[in-house]
Structure formats: structure tokens, C-alpha cells
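K.L.:
So here's protein.pdb, just PDB, C-alpha atoms:
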ATOM      1  CA  PHE A 123       6.281   5.171  12.572  1.00  0.00           C
ATOM      2  CA  LEU A 124       4.205   2.018  12.756  1.00  0.00           C
ATOM      3  CA  ASP A 125       5.492  -1.573  12.926  1.00  0.00           C
ATOM      4  CA  THR A 126       2.974  -4.402  13.181  1.00  0.00           C
ATOM      5  CA  THR A 127       5.123  -7.061  11.504  1.00  0.00           C
ATOM      6  CA  ARG A 128       6.394  -8.752  14.671  1.00  0.00           C
ATOM      7  CA  ALA A 129       4.442 -11.514  16.357  1.00  0.00           C
ATOM      8  CA  ASP A 130       5.573 -10.472  19.851  1.00  0.00           C
ATOM      9  CA  GLU A 131       4.575  -6.768  19.796  1.00  0.00           C
ATOM     10  CA  PHE A 132       3.281  -3.892  17.710  1.00  0.00           C
ATOM     11  CA  THR A 133       5.137  -0.559  17.930  1.00  0.00           C
ATOM     12  CA  ALA A 134       3.805   2.941  17.268  1.00  0.00           C
ATOM     13  CA  ARG A 135       6.161   5.932  17.556  1.00  0.00           C
ATOM     14  CA  ILE A 136       5.987   9.646  17.078  1.00  0.00           C
ATOM     15  CA  VAL A 137       9.351  11.069  15.931  1.00  0.00           C
ATOM     16  CA  ASP A 138      10.518  14.612  15.222  1.00  0.00           C
ATOM     17  CA  GLY A 139      11.965  15.900  11.944  1.00  0.00           C
ATOM     18  CA  ARG A 140      15.393  14.468  12.832  1.00  0.00           C
ATOM     19  CA  GLY A 141      13.981  10.996  13.524  1.00  0.00           C
ATOM     20  CA  GLU A 142      14.360  11.349  17.300  1.00  0.00           C
ATOM     21  CA  MET A 143      11.652   9.619  19.332  1.00  0.00           C
ATOM     22  CA  ILE A 144       9.109  11.868  21.033  1.00  0.00           C
ATOM     23  CA  GLN A 145       6.788   9.144  22.237  1.00  0.00           C
ATOM     24  CA  GLU A 146       6.419   5.380  21.836  1.00  0.00           C
ATOM     25  CA  GLN A 147       3.630   2.946  22.582  1.00  0.00           C
ATOM     26  CA  ILE A 148       3.940  -0.842  22.532  1.00  0.00           C
ATOM     27  CA  ILE A 149       0.956  -3.184  22.121  1.00  0.00           C
ATOM     28  CA  MET A 150       1.628  -6.620  23.587  1.00  0.00           C
ATOM     29  CA  PRO A 151       0.110  -9.860  22.186  1.00  0.00           C
ATOM     30  CA  GLY A 152      -2.669 -10.059  24.794  1.00  0.00           C
ATOM     31  CA  GLU A 153      -3.891  -6.628  23.670  1.00  0.00           C
ATOM     32  CA  TYR A 154      -4.256  -7.514  19.972  1.00  0.00           C
ATOM     33  CA  ARG A 155      -7.976  -6.822  19.827  1.00  0.00           C
ATOM     34  CA  GLY A 156      -9.256  -5.236  16.639  1.00  0.00           C
ATOM     35  CA  ASP A 157      -9.422  -1.703  17.976  1.00  0.00           C
ATOM     36  CA  ALA A 158      -6.244  -1.779  20.118  1.00  0.00           C
ATOM     37  CA  LEU A 159      -4.003  -0.496  17.344  1.00  0.00           C
ATOM     38  CA  PHE A 160      -6.290   2.437  16.554  1.00  0.00           C
ATOM     39  CA  ARG A 161      -6.723   3.341  20.238  1.00  0.00           C
ATOM     40  CA  VAL A 162      -2.959   3.547  20.682  1.00  0.00           C
ATOM     41  CA  ILE A 163      -2.496   5.576  17.504  1.00  0.00           C
ATOM     42  CA  LEU A 164      -5.259   8.018  18.486  1.00  0.00           C
ATOM     43  CA  LYS A 165      -3.671   8.422  21.920  1.00  0.00           C
ATOM     44  CA  LEU A 166      -0.357   9.348  20.290  1.00  0.00           C
ATOM     45  CA  LEU A 167      -1.951  11.652  17.731  1.00  0.00           C
ATOM     46  CA  ARG A 168      -3.844  13.739  20.280  1.00  0.00           C
ATOM     47  CA  LYS A 169      -0.635  15.410  21.413  1.00  0.00           C
ATOM     48  CA  ASN A 170       1.306  15.608  18.162  1.00  0.00           C
ATOM     49  CA  LEU A 171       1.026  17.155  14.722  1.00  0.00           C
ATOM     50  CA  VAL A 172       1.719  14.359  12.235  1.00  0.00           C
ATOM     51  CA  GLN A 173       3.140  15.282   8.843  1.00  0.00           C
ATOM     52  CA  GLY A 174       3.683  11.802   7.407  1.00  0.00           C
ATOM     53  CA  ILE A 175       3.552   8.103   8.240  1.00  0.00           C
ATOM     54  CA  VAL A 176       6.282   5.473   7.887  1.00  0.00           C
ATOM     55  CA  VAL A 177       4.920   1.929   8.138  1.00  0.00           C
ATOM     56  CA  VAL A 178       6.934  -1.283   8.096  1.00  0.00           C
ATOM     57  CA  SER A 179       5.282  -3.054   5.172  1.00  0.00           C
ATOM     58  CA  GLY A 180       7.012  -6.389   5.635  1.00  0.00           C
ATOM     59  CA  PRO A 181       8.116  -8.997   5.843  1.00  0.00           C
ATOM     60  CA  GLY A 182       6.209 -10.407   8.766  1.00  0.00           C
ATOM     61  CA  HIS A 183       3.186 -12.439   9.721  1.00  0.00           C
ATOM     62  CA  PHE A 184       0.339 -11.927   7.263  1.00  0.00           C
ATOM     63  CA  SER A 185      -2.255 -10.431   9.643  1.00  0.00           C
ATOM     64  CA  GLY A 186       0.203  -8.046  11.269  1.00  0.00           C
ATOM     65  CA  VAL A 187       1.505  -6.724   7.959  1.00  0.00           C
ATOM     66  CA  ARG A 188      -2.046  -6.287   6.690  1.00  0.00           C
ATOM     67  CA  HIS A 189      -3.214  -4.484   9.858  1.00  0.00           C
ATOM     68  CA  GLY A 190      -0.315  -2.040   9.847  1.00  0.00           C
ATOM     69  CA  VAL A 191      -0.489  -1.151   6.164  1.00  0.00           C
ATOM     70  CA  VAL A 192      -4.278  -0.724   6.235  1.00  0.00           C
ATOM     71  CA  ALA A 193      -4.117   1.452   9.377  1.00  0.00           C
ATOM     72  CA  ALA A 194      -1.317   3.615   7.951  1.00  0.00           C
ATOM     73  CA  ASN A 195      -3.065   4.074   4.598  1.00  0.00           C
ATOM     74  CA  ALA A 196      -6.399   4.897   6.265  1.00  0.00           C
ATOM     75  CA  MET A 197      -4.799   7.498   8.539  1.00  0.00           C
ATOM     76  CA  ALA A 198      -2.863   9.032   5.646  1.00  0.00           C
ATOM     77  CA  TYR A 199      -6.044   9.320   3.606  1.00  0.00           C
ATOM     78  CA  ALA A 200      -8.104  10.750   6.469  1.00  0.00           C
ATOM     79  CA  MET A 201      -5.404  13.256   7.480  1.00  0.00           C
ATOM     80  CA  SER A 202      -4.294  14.143   3.906  1.00  0.00           C
ATOM     81  CA  ILE A 203      -0.676  13.310   4.686  1.00  0.00           C
ATOM     82  CA  PRO A 204       1.835  11.120   2.827  1.00  0.00           C
ATOM     83  CA  VAL A 205       2.547   7.509   3.789  1.00  0.00           C
ATOM     84  CA  VAL A 206       5.446   5.256   2.822  1.00  0.00           C
ATOM     85  CA  GLY A 207       6.067   1.571   3.360  1.00  0.00           C
ATOM     86  CA  VAL A 208       9.567   0.375   4.236  1.00  0.00           C
ATOM     87  CA  VAL A 209      10.645  -3.245   3.987  1.00  0.00           C
ATOM     88  CA  ARG A 210      12.801  -4.440   6.877  1.00  0.00           C
ATOM     89  CA  ALA A 211      15.994  -6.227   5.863  1.00  0.00           C
ATOM     90  CA  GLU A 212      17.408  -8.740   8.314  1.00  0.00           C
ATOM     91  CA  HIS A 213      18.822  -7.099  11.470  1.00  0.00           C
ATOM     92  CA  GLU A 214      17.675  -3.556  10.549  1.00  0.00           C
ATOM     93  CA  THR A 215      16.684  -1.454  13.539  1.00  0.00           C
ATOM     94  CA  ASP A 216      13.632   0.758  13.827  1.00  0.00           C
ATOM     95  CA  ASP A 217      15.889   3.819  13.743  1.00  0.00           C
ATOM     96  CA  VAL A 218      17.321   2.782  10.361  1.00  0.00           C
ATOM     97  CA  LEU A 219      13.811   2.224   8.990  1.00  0.00           C
ATOM     98  CA  ILE A 220      12.612   5.565  10.346  1.00  0.00           C
ATOM     99  CA  ARG A 221      15.483   7.455   8.709  1.00  0.00           C
ATOM    100  CA  ARG A 222      14.961   5.656   5.383  1.00  0.00           C
ATOM    101  CA  GLY A 223      11.231   6.316   5.587  1.00  0.00           C
ATOM    102  CA  MET A 224      11.756  10.004   6.307  1.00  0.00           C
ATOM    103  CA  VAL A 225      13.886  10.351   3.157  1.00  0.00           C
ATOM    104  CA  MET A 226      11.160   8.595   1.188  1.00  0.00           C
ATOM    105  CA  LEU A 227       8.486  10.865   2.707  1.00  0.00           C
ATOM    106  CA  SER A 228      10.344  13.944   1.501  1.00  0.00           C
ATOM    107  CA  LYS A 229       9.823  12.726  -2.090  1.00  0.00           C
ATOM    108  CA  LYS A 230       6.299  11.350  -1.694  1.00  0.00           C
ATOM    109  CA  ARG A 231       3.104  12.798  -3.110  1.00  0.00           C
ATOM    110  CA  LEU A 232      -0.308  12.582  -1.503  1.00  0.00           C
ATOM    111  CA  HIS A 233      -2.630   9.728  -2.449  1.00  0.00           C
ATOM    112  CA  GLU A 234       0.168   7.232  -3.073  1.00  0.00           C
ATOM    113  CA  TYR A 235      -0.203   4.448  -0.538  1.00  0.00           C
ATOM    114  CA  ALA A 236       1.910   1.766   1.113  1.00  0.00           C
ATOM    115  CA  VAL A 237       1.747  -1.773  -0.275  1.00  0.00           C
ATOM    116  CA  PRO A 238       2.225  -4.910   1.861  1.00  0.00           C
ATOM    117  CA  ALA A 239       5.409  -6.940   1.309  1.00  0.00           C
ATOM    118  CA  TYR A 240       4.604 -10.287   2.878  1.00  0.00           C
ATOM    119  CA  GLY A 241       7.911 -11.940   1.995  1.00  0.00           C
ATOM    120  CA  LYS A 242       6.233 -15.148   0.800  1.00  0.00           C
ATOM    121  CA  GLU A 243       2.947 -16.452  -0.510  1.00  0.00           C
ATOM    122  CA  PRO A 244       0.208 -16.629   2.146  1.00  0.00           C
ATOM    123  CA  SER A 245      -0.497 -20.045   3.644  1.00  0.00           C
ATOM    124  CA  ILE A 246      -4.271 -20.359   3.502  1.00  0.00           C
ATOM    125  CA  THR A 247      -6.095 -23.490   4.608  1.00  0.00           C
ATOM    126  CA  LEU A 248      -9.753 -24.247   4.122  1.00  0.00           C
ATOM    127  CA  ASN A 249     -11.895 -26.029   6.655  1.00  0.00           C
ATOM    128  CA  ASN A 250     -14.565 -28.107   4.905  1.00  0.00           C
ATOM    129  CA  ASN A 251     -16.819 -28.539   7.955  1.00  0.00           C
TER     130      ASN A 251
END
What is this file in C-alpha cells?
P.N.:
Amino acid sequence: FLDTTRADEFTARIVDGRGEMIQEQIIMPGEYRGDALFRVILKLLRKNLVQGIVVVSGPGHFSGVRHGVVAANAMAYAMSIPVVGVVRAEHETDDVLIRRGMVMLSKKRLHEYAVPAYGKEPSITLNNN
């Protein structure tokens, strides 16, 4: 389970087949360097056999959503495992998203990837300097 949609923290979890947490790692805002997410994920993967990935695909801040979906899709491709994106409705907990994602994973085929759900059009400004 991977959630990078929040501005205050990124969450990576390993859960068992019942959705119960085995291990969790939080990345705080000061640690948001480019490789921080992958270092945390690799640390979690070293000890666990991963059979699928559930990523929160939105809504959230643009960069966070993009980072999470790209990381999840890349890992799924490299590990030949399924990946699903779940969209968080207001007030939904991680546990609810994990359970929904696990149901989706049971129906998923390989080489179908998660798609970002930004929740609104991106706000892009150009600097003409």
C-alpha cells in the first residue's frame, strides 16, 4: 500500500492477505528527496514477498500523486505483479482503501497500470525570465 497524496507525509505499508499491517514506514516532509520514496520501499520489500500493489491515485497534490503512481507502476512492472489505483473519498481511512484495493487486485491482470486522479486541473504557471 502506497499513499503519497498527502502534503504532510507519505505512507508505505506492507499488509498480509487479510489487510492487516505487517510493517509501515512514514516519510516526513523534510525527507522528500527524489530517492527517499524508493529507499523506503526497498527497505520494506527486502523482508516481504509482495504479490500486488495498492496505490492511492488521488486526489492530492499534483507532485505527490504523480510520484506515488509512477513508483507503484514501475515496481509492478519490474516485479511482474499487479497494481491498482484507489481514489480516496473524503474521510476514508487507509484500512478502507487497502481492503478495496485488495478486492480490485484479485480481479486485476498483469500489465494494467494505475492512472493518476488529480481531482482538478493542474495549476501550472510559467516564469518568463
K.L.:
Can you work out which one of A:Met224, A:Val178, A:Val137, A:Ala196 has the shortest atom-to-atom distance to Arg210 (chain A), counting all atoms listed in the file?
P.N.:
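Looking at the shortest contact to Arg210 (chain A), the residue is A:Val178.
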K.L.:
Between A:His213, A:Arg140, A:Arg161, A:His189, which one has atoms that come closest to Thr126 (chain A), using only C-alpha atoms?
P.N.:
A:His189
K.L.:
When you draw a straight line from CA of Met201 (chain A) to CA of Val172 (chain A), how long is it in Å?
P.N.:
8.6 Å
K.L.:
Please evaluate the PyMOL selection byres ((chain A and resi 221) around 12) against the structure above and give the resulting residues as a PyMOL selection string.
P.N.:
chain A and resi 123+137-143+175-177+206+208+214-220+222-228
K.L.:
Report as a short mmCIF file (atom, residue, chain, number, x, y, z; two decimals) with C-alpha atoms, in the coordinates of the input the full result of the PyMOL selection byres ((chain A and resi 204) around 8) when it is applied to this structure.
P.N.:
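Writing the result to expr_2.cif gives the following:
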data_model
loop_
_atom_site.label_atom_id
_atom_site.label_comp_id
_atom_site.auth_asym_id
_atom_site.auth_seq_id
_atom_site.Cartn_x
_atom_site.Cartn_y
_atom_site.Cartn_z
CA GLN A 173 3.14 15.28 8.84
CA GLY A 174 3.68 11.80 7.41
CA ILE A 175 3.55 8.10 8.24
CA ALA A 198 -2.86 9.03 5.65
CA SER A 202 -4.29 14.14 3.91
CA ILE A 203 -0.68 13.31 4.69
CA VAL A 205 2.55 7.51 3.79
CA VAL A 206 5.45 5.26 2.82
CA LEU A 227 8.49 10.86 2.71
CA LYS A 230 6.30 11.35 -1.69
CA ARG A 231 3.10 12.80 -3.11
CA LEU A 232 -0.31 12.58 -1.50
CA HIS A 233 -2.63 9.73 -2.45
CA GLU A 234 0.17 7.23 -3.07
CA TYR A 235 -0.20 4.45 -0.54
#
K.L.:
What would the list of residues within 7 Å of (1.7, -12.3, 11.6) (file frame) look like as a count of residues only, if all atoms listed in the file are what count?
P.N.:
9
K.L.:
Could you tell me how far CA of Lys229 (chain A) sits from CA of Gln147 (chain A), in Å to one decimal place?
P.N.:
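Separating CA of Gln147 (chain A) from CA of Lys229 (chain A) is a distance of 27.3 Å.
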K.L.:
Nearest to Ala211 (chain A): which of A:Pro181, A:Val237, A:Asp130, A:Ala193 is it, counting only C-alpha atoms?
P.N.:
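Selected residue with least distance to Ala211 (chain A): A:Pro181.
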K.L.:
Considering only C-alpha atoms, can you say which of A:Ile149, A:Val209, A:Leu171, A:Leu164 comes closest to Val191 (chain A)?
P.N.:
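Closest residue, counting only C-alpha atoms: A:Val209.
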K.L.:
Record the distance separating CA of Met197 (chain A) and CA of Ile144 (chain A), expressed in Å with one decimal.
P.N.:
19.2 Å
K.L.:
Which residues would end up in the selection if the PyMOL selection byres ((chain A and resi 240) around 6) were applied here, given that I need the answer as a list in words?
P.N.:
Gly180, Pro181, Pro238, Ala239, Gly241 and Lys242 of chain A
K.L.:
Just write the chosen residues, C-alpha atoms, as a JSON list (two decimals), keeping the file's coordinate frame.
P.N.:
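Now in part30.json:
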[["chain", "number", "residue", "atom", "x", "y", "z"],
["A", 180, "GLY", "CA", 7.01, -6.39, 5.64],
["A", 181, "PRO", "CA", 8.12, -9.00, 5.84],
["A", 238, "PRO", "CA", 2.22, -4.91, 1.86],
["A", 239, "ALA", "CA", 5.41, -6.94, 1.31],
["A", 241, "GLY", "CA", 7.91, -11.94, 2.00],
["A", 242, "LYS", "CA", 6.23, -15.15, 0.80]]
K.L.:
Tell me which of A:Ala200, A:Ala236, A:Leu124, A:Leu248 sits closest to Leu159 (chain A), counting all atoms listed in the file.
P.N.:
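Using all atoms listed in the file, Leu159 (chain A) sits closest to A:Leu124.
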K.L.:
Please report, as lines of an AutoDock Vina configuration file, the centre and edge lengths in Å to one decimal of an axis-aligned box covering all listed atoms of region 201-213 of chain A with 6 Å per side.
P.N.:
center_x = 6.7
center_y = 2.7
center_z = 7.1
size_x = 36.2
size_y = 34.9
size_z = 20.6
